[in-house]
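Quick notes on the structure that follows.
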Amino acid sequence: AKLLDVMIQHKIAAGARKETLMLLGPPGIGKTSLPLQAAERHKLFVVFFHPLFSEPIDLTGVPHVQLNGKPENAKTYWANPNWIPDVVPNGFNGILVLIDEMSQCDAPMMKACAPICEEHRIGTKILPHGTIVIATGNRAADRAGASKLLSHVKSRIVEIKVDSSVEDFIEWGTINDRVIPQVRYFLQFKSECLNTFNASSEHQYASPRGW
């Protein structure tokens with residue numbers, strides 16, 4: 001979380017084109033929660049995009065034709081999605097585009113996500129100045145439906161490996177008693193029980209999300 005804060009602060013202050021961060025790690029450790037909590041701390045307007053529930057055309061734009069008076073003058077245009085603001089909304093310091101579970105995309109959808117990661121572009125629309133793009137995903141080895149990133153997509157991102165920490169979980173759980181004291185005390189005594197995920201096992205497992 002601290003690393004994410006530092007990188008976001010730098011990106012907001014720099015005012016230049018921003019790299020896309022991708023949080024990679026096993027299921028249930030807070031990869032989606034981390035950027036959402038960071039957005040709240042830094043007052044970023046959140047645009048949540050889940051590519052598994054979309055089609056590539058949702059990013060490339062729906063084509064439509066304008067006749068311009070005569071058929072021979074007709075031109076094709078692409079309608080950009082309406083869920084991206086034209087400017088940073090009032091009261092916010094920037095925009096966070098969160099691409100959740102990008103590693104579970106099929107190849108066409110992953111290709112459609114590539115311009116967001118590199119050019120901060122969706123279809124023909126350039127994302128507003130002050131936009132930060134963060135993607136999340138499981139590793140292929142986690143057997144959670146994820147596949148390896150396409151090589152040209154991988155070259156467009158900065159990977160950050162995410163893992164669970166008992167100390168961080170207890171610190172987070174103490175705030176407003178998000179996690180009841182009995183669980184926090186137990187995990188202090190049995191820290192190995194925080195995350196028992198094993199990709200080769202079919203049994204239920206403990207995780208920060210589960211606790």
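How things are named: the first chain in the structure tokens is A, the next is B, and so on; residues count from 1 in each chain; ligands count from 1 in the order shown.
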
Helix (DSSP H, G or I) residues, from DSSP on the backbone, in range 126-164 of chain A, as a ChimeraX atom specification: /A:140-142,151-154

Dump as a tab-separated table the rows for residues of range 107-131 of chain A within 10 Å of range 20-40 of chain A: closest atom pair and distance in Å with one decimal, only C-alpha atoms counted, ordered by chain and rising residue number.
residue	atom	partner	partner_atom	distance
A:Ile116	CA	A:Thr20	CA	8.4
A:Cys117	CA	A:Thr20	CA	5.3
A:Glu118	CA	A:Thr20	CA	7.2
A:Glu119	CA	A:Thr20	CA	9.6
A:His120	CA	A:Thr20	CA	8.8

Residues from the last selection, N, CA, C and O atoms, saved as a PDB file, in the first residue's frame:
ATOM      1  N   ILE A 116      -5.018   1.189 -23.776  1.00  0.00           N
ATOM      2  CA  ILE A 116      -5.240   1.867 -22.491  1.00  0.00           C
ATOM      3  C   ILE A 116      -3.930   1.885 -21.708  1.00  0.00           C
ATOM      4  O   ILE A 116      -3.557   2.895 -21.099  1.00  0.00           O
ATOM      5  N   CYS A 117      -3.228   0.752 -21.725  1.00  0.00           N
ATOM      6  CA  CYS A 117      -2.015   0.621 -20.926  1.00  0.00           C
ATOM      7  C   CYS A 117      -0.884   1.490 -21.461  1.00  0.00           C
ATOM      8  O   CYS A 117      -0.139   2.082 -20.675  1.00  0.00           O
ATOM      9  N   GLU A 118      -0.732   1.575 -22.767  1.00  0.00           N
ATOM     10  CA  GLU A 118       0.413   2.275 -23.345  1.00  0.00           C
ATOM     11  C   GLU A 118       0.105   3.735 -23.651  1.00  0.00           C
ATOM     12  O   GLU A 118       0.865   4.633 -23.298  1.00  0.00           O
ATOM     13  N   GLU A 119      -1.007   3.981 -24.321  1.00  0.00           N
ATOM     14  CA  GLU A 119      -1.302   5.323 -24.830  1.00  0.00           C
ATOM     15  C   GLU A 119      -2.363   6.058 -24.016  1.00  0.00           C
ATOM     16  O   GLU A 119      -2.694   7.195 -24.333  1.00  0.00           O
ATOM     17  N   HIS A 120      -2.906   5.380 -22.999  1.00  0.00           N
ATOM     18  CA  HIS A 120      -4.034   5.944 -22.263  1.00  0.00           C
ATOM     19  C   HIS A 120      -5.138   6.362 -23.231  1.00  0.00           C
ATOM     20  O   HIS A 120      -5.694   7.454 -23.155  1.00  0.00           O
TER      21      HIS A 120
END

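Residue neighbourhood of Lys148 in chain A, excluding near-sequence residues (fewer than 3 positions): Ser103, Arg139 and Ala140 of chain A, at 8 Å, using only C-alpha atoms.
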
Polymer residues at most 12 Å from range 65-80 of chain A, only C-alpha atoms, same-chain spacing of 2 or more positions, as a list in words: Ile57, Asp58, Leu59, Thr60, Gly61, Val62, Pro63, Asn82, Trp83, Ile84, Pro85, Asp86, Arg121, Ile122, Gly123, Thr124, Lys125, Ile126 and Leu127 of chain A

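Relative to CA of Ser207 in chain A, CA of Val162 in chain A is found at 13.3 Å.
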